[in-house]
Amino acid sequence: MKRVVILFLGLCLCTAGFAQTKAKMSGYVQTQYQWGEKEASLKTGAANEKPGESFSRLGIRRGRIKFTYEEGIASGVFQVDITEKGVGFKDAYLNVKDPWIGTNGLKAGVFDRPFGNEIGYSSSRRESPERSTLFQTLFPEERDLGASFTLQAAKTSPWNFLKLEAGLFAGNGIKQETDSRKDFIGHLSAAKQIGNKAQLSGGVSYYNGGVYQGDSAVYTMEDKGFVLDKSPDNKGKFAKREYFGVDGQFSLMSDLGMTQVRAEYLFGEQPGGKSNSKSPNAAALPTAATYLRPFGGGYVLLIQDLGKSPLSAVLKYDWYDPNTEVAGNEIGLNHTAAGDVAQNTLGFGMLWRVNTSLRLQAYYEINKNETTENVSNYTADRKDDVFTLRLQYKF
C-alpha cells in the first residue's frame with residue numbers, strides 16, 4: 001500500500017510539472033498538542049496509560065495531500081491522509097459537469113455525503129477542532145462510496161439561489177461495500193446575499209437507508225424500554241436508518257468584524273448496538289443484535305472576528321441524544337444501556353490566522369454526559385474534558 005501511494009504521488013508531481021493548467025496539488029498539515037482529563041478520548045496518540053490521571057499527547061491530526069486533474073467537463077480527485085498512524089485515502093472520485101451552463105454535475109466514487117452543512121465544511125477551515133458528536137456518530141469518516149448529482153440553475157437565472165444534491169450510497173463510510181442495499185441522501189439548499197454586508201443560507205436534508213441485521217434479535221422502543229423481537233426471519237433483513245435535518249448559516253460584516261452563526265438540527269431513527277449507536281463503517285457485516293432508537297441532536301456555532309485583527313473568538317454548543325424516549329435513571333432498565341446515554345459539549349477557543357497559509361488554534365471542550373444510577377460508568381459525569389492546541393499549514 002505504501003509503495004502504491006508513493007508511486008502515485010510521484011506520478012502526480014510529474015504530471016503537475018508538464019500540465020500545470022490541468023493538474024493541481026493542494027493539502028494541509030495539522031500538528032497538535034492535546035490534553036485530556038482521565039477519561040477523555042483524544043484524537044491523537046494512544047489511550048491513557050495511567051487511567052486515574054489526566055494525560056497529554058502530541059501528533060499529526062491530519063496530513064492531507066489532494067490531487068485534482070481537470071480537462072474539459074470532467075475532473076478526477078484523489079486525496080490521501082498521512083499521519084504517524086499510517087497512510088489512508090480520503091477521497092477518490094470523478095466529477096462531470098454539464099457542458100452548457102456548468103452548474104449541474106454528476107459525481108461518483110468516495111466523497112463527502114451531501115447531508116447538511118458541517119459534513120462538507122472542510123477540516124482545514126473548520127473553527128472547532130472536530131465535527132459535532134452527532135455527525136461523528138451518524139456519519140463516521142464523513143465520506144461514503146456512491147454516486148450523486150447536483151442540480152442548479154444558471155448563474156444568470158433568478159432560481160440560481162436554489163441547489164439540489166442527491167444520490168445513492170453504500171452506507172458504510174469509506175470501507176468496502178458489504179451488502180446489496182443502497183442508501184438515499186439528499187440536500188436542498190438556498191443562499192441569498194442581503195445587501196453588501198450580510199448573507200443568509202440554509203437547507204433541508206433527508207437520509208433513507210438500512211443497516212443489515214446480522215442476528216435474529218431486534219430491539220425496538222416501546223413504553224420507555226426495548227421490546228425484543230427474536231423472529232428467525234429478522235436475520236438478513238435491514239433495519240430502517242432514517243434522518244431528517246435542517247441547517248442554517250448567517251454572516252454579517254460590521255465594525256466589530258465578521259460575525260458568523262451556523263446551526264443544524266437532526267432527528268430520526270438510528271439502528272445501533274447495545275453499547276453505542278454508531279453507524280456502520282466496518283469491512284464486515286454486523287453480527288450482533290440490532291437496537292432501533294429515535295434520536296435527536298445538533299449544534300449552534302458562533303464565530304466573531306475581532307475587528308480587523310487576524311483573531312477570531314469561537315463558541316460552540318453541540319448535543320446528541322441517541323434515545324429520546326428515555327432519560328436519567330430510566331437508562332439501564334428494560335434492556336437500555338450505555339448506548340442510550342445523551343451527551344453535550346460546550347466548546348470555546350481562539351483562532352489566529354498568522355497569514356494566508358498558517359493558522360494557530362486553541363480550543364477547550366467541556367464534555368457532559370447524562371447520568372443514571374443503573375449504568376456503572378455513568379453514575380456521575382465522566383471526567384473527559386479536552387484541550388487542543390493546533391498549528392495548521394495549508395498549501
# chains A, B, ... in the order shown; residues from 1 in each chain; ligands from 1
>>> select_by_dssp(residues="stretch 147-321 of chain A", states="strand (DSSP E or B)", output="PyMOL selection string")
chain A and resi 147-151+162-169+183-194+198-212+218-221+226-229+238-254+257-272+290-305+311-321
>>> write_last_selection(atoms="C-alpha atoms", output="tab-separated table (two decimals), in the first residue's frame")
chain	number	residue	atom	x	y	z
A	147	ALA	CA	-22.91	8.45	-6.92
A	148	SER	CA	-24.76	11.77	-6.75
A	149	PHE	CA	-25.98	14.57	-8.96
A	150	THR	CA	-26.19	18.34	-8.48
A	151	LEU	CA	-28.95	20.47	-10.00
A	162	LEU	CA	-31.52	27.01	-5.05
A	163	LYS	CA	-29.31	23.91	-5.17
A	164	LEU	CA	-30.22	20.22	-5.01
A	165	GLU	CA	-27.69	17.47	-4.25
A	166	ALA	CA	-28.86	13.86	-4.08
A	167	GLY	CA	-27.54	10.37	-4.64
A	168	LEU	CA	-27.29	6.70	-3.75
A	169	PHE	CA	-24.58	5.44	-1.39
A	183	ASP	CA	-28.97	4.41	0.86
A	184	PHE	CA	-30.50	7.65	-0.43
A	185	ILE	CA	-29.13	11.03	0.69
A	186	GLY	CA	-30.47	14.41	-0.41
A	187	HIS	CA	-29.87	18.06	0.48
A	188	LEU	CA	-31.87	21.02	-0.84
A	189	SER	CA	-30.26	24.37	-0.01
A	190	ALA	CA	-30.77	28.06	-0.69
A	191	ALA	CA	-28.43	31.05	-0.35
A	192	LYS	CA	-29.17	34.76	-0.55
A	193	GLN	CA	-26.96	37.84	-0.37
A	194	ILE	CA	-28.51	40.59	1.77
A	198	ALA	CA	-24.82	40.02	5.05
A	199	GLN	CA	-25.57	36.58	3.70
A	200	LEU	CA	-28.22	34.05	4.68
A	201	SER	CA	-28.31	30.38	3.66
A	202	GLY	CA	-29.87	27.14	4.80
A	203	GLY	CA	-31.21	23.80	3.75
A	204	VAL	CA	-33.11	20.63	4.50
A	205	SER	CA	-31.67	17.12	4.30
A	206	TYR	CA	-33.04	13.60	4.18
A	207	TYR	CA	-31.40	10.20	4.62
A	208	ASN	CA	-33.21	6.93	3.90
A	209	GLY	CA	-31.26	3.71	4.23
A	210	GLY	CA	-30.86	0.47	6.09
A	211	VAL	CA	-28.44	-1.46	8.28
A	212	TYR	CA	-28.01	-5.21	7.83
A	218	VAL	CA	-34.06	-6.91	17.11
A	219	TYR	CA	-34.96	-4.44	19.87
A	220	THR	CA	-37.44	-1.60	19.33
A	221	MET	CA	-38.56	1.09	21.78
A	226	PHE	CA	-36.76	-2.03	24.46
A	227	VAL	CA	-39.01	-4.85	23.32
A	228	LEU	CA	-37.30	-7.91	21.85
A	229	ASP	CA	-38.38	-9.47	18.58
A	238	PHE	CA	-32.42	-4.42	7.04
A	239	ALA	CA	-33.21	-2.13	9.95
A	240	LYS	CA	-34.53	1.27	8.95
A	241	ARG	CA	-32.00	4.14	9.06
A	242	GLU	CA	-33.78	7.46	8.53
A	243	TYR	CA	-32.62	11.01	9.27
A	244	PHE	CA	-34.24	14.42	8.83
A	245	GLY	CA	-32.08	17.53	9.05
A	246	VAL	CA	-32.34	21.30	8.85
A	247	ASP	CA	-29.38	23.69	8.70
A	248	GLY	CA	-28.90	27.46	8.62
A	249	GLN	CA	-25.99	29.88	8.22
A	250	PHE	CA	-25.83	33.67	8.67
A	251	SER	CA	-22.93	36.09	8.31
A	252	LEU	CA	-22.69	39.84	8.83
A	253	MET	CA	-19.81	42.28	8.34
A	254	SER	CA	-19.71	45.24	10.76
A	257	GLY	CA	-15.59	42.32	12.21
A	258	MET	CA	-17.25	39.35	10.56
A	259	THR	CA	-19.94	37.66	12.68
A	260	GLN	CA	-21.00	34.14	11.69
A	261	VAL	CA	-23.72	31.93	13.12
A	262	ARG	CA	-24.26	28.35	11.95
A	263	ALA	CA	-26.67	25.75	13.31
A	264	GLU	CA	-28.10	22.32	12.49
A	265	TYR	CA	-30.73	20.05	13.99
A	266	LEU	CA	-31.26	16.36	13.16
A	267	PHE	CA	-33.76	13.75	14.25
A	268	GLY	CA	-34.84	10.31	13.10
A	269	GLU	CA	-34.30	6.62	13.70
A	270	GLN	CA	-30.89	5.01	14.11
A	271	PRO	CA	-30.01	1.29	14.24
A	272	GLY	CA	-27.09	0.50	16.55
A	290	THR	CA	-29.87	-4.61	16.50
A	291	TYR	CA	-31.25	-1.78	18.66
A	292	LEU	CA	-33.55	0.75	16.96
A	293	ARG	CA	-33.52	4.18	18.63
A	294	PRO	CA	-35.26	7.51	17.99
A	295	PHE	CA	-32.55	10.20	18.23
A	296	GLY	CA	-32.16	13.96	18.21
A	297	GLY	CA	-29.26	16.38	18.26
A	298	GLY	CA	-27.46	19.28	16.67
A	299	TYR	CA	-25.17	22.23	17.23
A	300	VAL	CA	-25.03	26.03	17.36
A	301	LEU	CA	-21.78	27.79	16.43
A	302	LEU	CA	-20.77	31.45	16.78
A	303	ILE	CA	-17.59	32.91	15.25
A	304	GLN	CA	-16.70	36.53	15.90
A	305	ASP	CA	-13.74	38.19	14.20
A	311	LEU	CA	-8.04	36.88	15.56
A	312	SER	CA	-11.45	35.21	15.94
A	313	ALA	CA	-13.33	34.05	19.02
A	314	VAL	CA	-15.27	30.78	18.74
A	315	LEU	CA	-18.16	29.45	20.83
A	316	LYS	CA	-19.93	26.17	20.07
A	317	TYR	CA	-22.56	24.02	21.75
A	318	ASP	CA	-23.50	20.59	20.41
A	319	TRP	CA	-25.64	17.80	21.79
A	320	TYR	CA	-26.62	14.26	20.89
A	321	ASP	CA	-29.39	12.20	22.48
>>> closest_atom_pairs(of="stretch 56-90 of chain A", to="stretch 106-126 of chain A", cutoff="10 Å", atoms="only C-alpha atoms", output="tab-separated table")
residue	atom	partner	partner_atom	distance
A:Arg62	CA	A:Ser123	CA	8.7
A:Arg64	CA	A:Ser124	CA	9.6
A:Ala74	CA	A:Leu106	CA	9.5
A:Ser75	CA	A:Lys107	CA	9.6
A:Gly76	CA	A:Lys107	CA	9.6
A:Val77	CA	A:Phe111	CA	9.4
A:Phe78	CA	A:Val110	CA	9.2
A:Gln79	CA	A:Phe111	CA	9.9
A:Phe89	CA	A:Val110	CA	9.5
A:Lys90	CA	A:Val110	CA	7.6
>>> write_last_selection(atoms="N, CA and C atoms", output="mmCIF file, in the first residue's frame")
data_model
loop_
_atom_site.group_PDB
_atom_site.id
_atom_site.type_symbol
_atom_site.label_atom_id
_atom_site.label_comp_id
_atom_site.auth_asym_id
_atom_site.auth_seq_id
_atom_site.Cartn_x
_atom_site.Cartn_y
_atom_site.Cartn_z
ATOM 1 N N ARG A 62 -4.135 15.609 10.985
ATOM 2 C CA ARG A 62 -4.405 15.365 9.566
ATOM 3 C C ARG A 62 -3.193 15.783 8.750
ATOM 4 N N ARG A 64 -2.997 15.956 4.844
ATOM 5 C CA ARG A 64 -3.725 15.713 3.600
ATOM 6 C C ARG A 64 -2.953 16.195 2.375
ATOM 7 N N ALA A 74 -14.791 17.205 -17.324
ATOM 8 C CA ALA A 74 -14.550 16.158 -16.324
ATOM 9 C C ALA A 74 -13.333 16.471 -15.473
ATOM 10 N N SER A 75 -13.366 15.993 -14.241
ATOM 11 C CA SER A 75 -12.217 16.117 -13.346
ATOM 12 C C SER A 75 -12.158 14.874 -12.460
ATOM 13 N N GLY A 76 -10.959 14.559 -12.009
ATOM 14 C CA GLY A 76 -10.741 13.442 -11.101
ATOM 15 C C GLY A 76 -10.023 13.938 -9.859
ATOM 16 N N VAL A 77 -10.407 13.416 -8.691
ATOM 17 C CA VAL A 77 -9.841 13.858 -7.422
ATOM 18 C C VAL A 77 -9.396 12.649 -6.618
ATOM 19 N N PHE A 78 -8.207 12.767 -6.050
ATOM 20 C CA PHE A 78 -7.682 11.722 -5.171
ATOM 21 C C PHE A 78 -7.015 12.413 -3.989
ATOM 22 N N GLN A 79 -7.389 12.034 -2.768
ATOM 23 C CA GLN A 79 -6.827 12.649 -1.572
ATOM 24 C C GLN A 79 -6.385 11.578 -0.580
ATOM 25 N N PHE A 89 -6.562 6.617 2.351
ATOM 26 C CA PHE A 89 -7.151 7.529 1.376
ATOM 27 C C PHE A 89 -8.436 8.124 1.948
ATOM 28 N N LYS A 90 -8.758 9.338 1.527
ATOM 29 C CA LYS A 90 -9.965 10.021 1.980
ATOM 30 C C LYS A 90 -10.951 10.248 0.838
#
>>> residues_around(residues="A:Ile73", least_positions_apart="3", cutoff="12 Å", atoms="only C-alpha atoms", output="MDAnalysis selection string")
chainID A and resid 22 69:70 76 94:107
>>> write_last_selection(atoms="N, CA and C atoms", output="compact mmCIF listing (two decimals), in the first residue's frame")
# COMPACT_ATOMS: atom_id res chain seq x y z
N LYS A 22 -3.85 21.87 -16.11
CA LYS A 22 -4.85 20.82 -15.92
C LYS A 22 -4.76 20.14 -14.56
N TYR A 69 -7.14 16.61 -11.25
CA TYR A 69 -6.81 16.74 -12.67
C TYR A 69 -8.11 17.04 -13.42
N GLU A 70 -8.10 18.15 -14.15
CA GLU A 70 -9.32 18.59 -14.84
C GLU A 70 -9.04 18.84 -16.31
N GLY A 76 -10.96 14.56 -12.01
CA GLY A 76 -10.74 13.44 -11.10
C GLY A 76 -10.02 13.94 -9.86
N LEU A 94 -14.70 10.97 -9.43
CA LEU A 94 -14.72 11.73 -10.68
C LEU A 94 -15.95 12.62 -10.68
N ASN A 95 -15.82 13.74 -11.34
CA ASN A 95 -16.90 14.72 -11.38
C ASN A 95 -17.07 15.19 -12.83
N VAL A 96 -18.29 15.11 -13.32
CA VAL A 96 -18.58 15.52 -14.69
C VAL A 96 -19.63 16.63 -14.66
N LYS A 97 -19.28 17.79 -15.20
CA LYS A 97 -20.20 18.93 -15.26
C LYS A 97 -20.94 18.95 -16.59
N ASP A 98 -22.11 19.56 -16.56
CA ASP A 98 -22.84 19.69 -17.83
C ASP A 98 -22.10 20.67 -18.73
N PRO A 99 -22.10 20.44 -20.02
CA PRO A 99 -21.32 21.29 -20.94
C PRO A 99 -22.03 22.59 -21.33
N TRP A 100 -23.22 22.85 -20.80
CA TRP A 100 -23.99 24.00 -21.23
C TRP A 100 -23.89 25.17 -20.25
N ILE A 101 -24.29 24.96 -18.99
CA ILE A 101 -24.25 26.09 -18.04
C ILE A 101 -23.25 25.85 -16.92
N GLY A 102 -22.75 24.62 -16.76
CA GLY A 102 -21.68 24.33 -15.82
C GLY A 102 -22.05 24.28 -14.36
N THR A 103 -23.34 24.37 -14.04
CA THR A 103 -23.76 24.33 -12.63
C THR A 103 -24.34 22.98 -12.22
N ASN A 104 -24.60 22.12 -13.19
CA ASN A 104 -25.11 20.78 -12.91
C ASN A 104 -23.97 19.77 -13.08
N GLY A 105 -24.07 18.66 -12.36
CA GLY A 105 -22.98 17.70 -12.47
C GLY A 105 -23.31 16.34 -11.89
N LEU A 106 -22.45 15.40 -12.21
CA LEU A 106 -22.55 14.03 -11.71
C LEU A 106 -21.23 13.67 -11.05
N LYS A 107 -21.31 13.10 -9.85
CA LYS A 107 -20.12 12.72 -9.10
C LYS A 107 -20.23 11.26 -8.72
>>> residues_around(residues="A:Ala338", least_positions_apart="2", cutoff="7 Å", atoms="only C-alpha atoms", output="PyMOL selection string")
chain A and resi 275-276+340-341+375
>>> residues_around(residues="A:Arg382", least_positions_apart="6", cutoff="10 Å", atoms="only C-alpha atoms", output="ChimeraX atom specification")
/A:37-40,367-371
>>> residues_around(residues="A:Ala170", least_positions_apart="4", cutoff="9 Å", atoms="only C-alpha atoms", output="ChimeraX atom specification")
/A:144-146,176-183
>>> closest_residue(among="A:Arg57, A:His335, A:Lys230, A:Lys224", to="A:Gly273", atoms="only C-alpha atoms")
A:His335
>>> select_by_dssp(residues="stretch 104-352 of chain A", states="helix (DSSP H, G or I)", output="JSON, numbers by chain")
{"A": [133, 134, 135, 136, 137, 138, 232, 233, 234, 328, 329, 330, 338, 339, 340]}
>>> closest_residue(among="A:Leu42, A:Ile174, A:Ala92, A:Ala154", to="A:Glu130", atoms="only C-alpha atoms")
A:Leu42
>>> atom_distance(atom1="atom CA of A:Ala342", atom2="atom CA of A:Lys235")
28.7 Å
>>> residues_around(residues="A:Gly214", least_positions_apart="6", cutoff="9 Å", atoms="only C-alpha atoms", output="ChimeraX atom specification")
/A:234-237,285-290
>>> atom_distance(atom1="atom CA of A:Tyr393", atom2="atom CA of A:Asn48")
28.1 Å
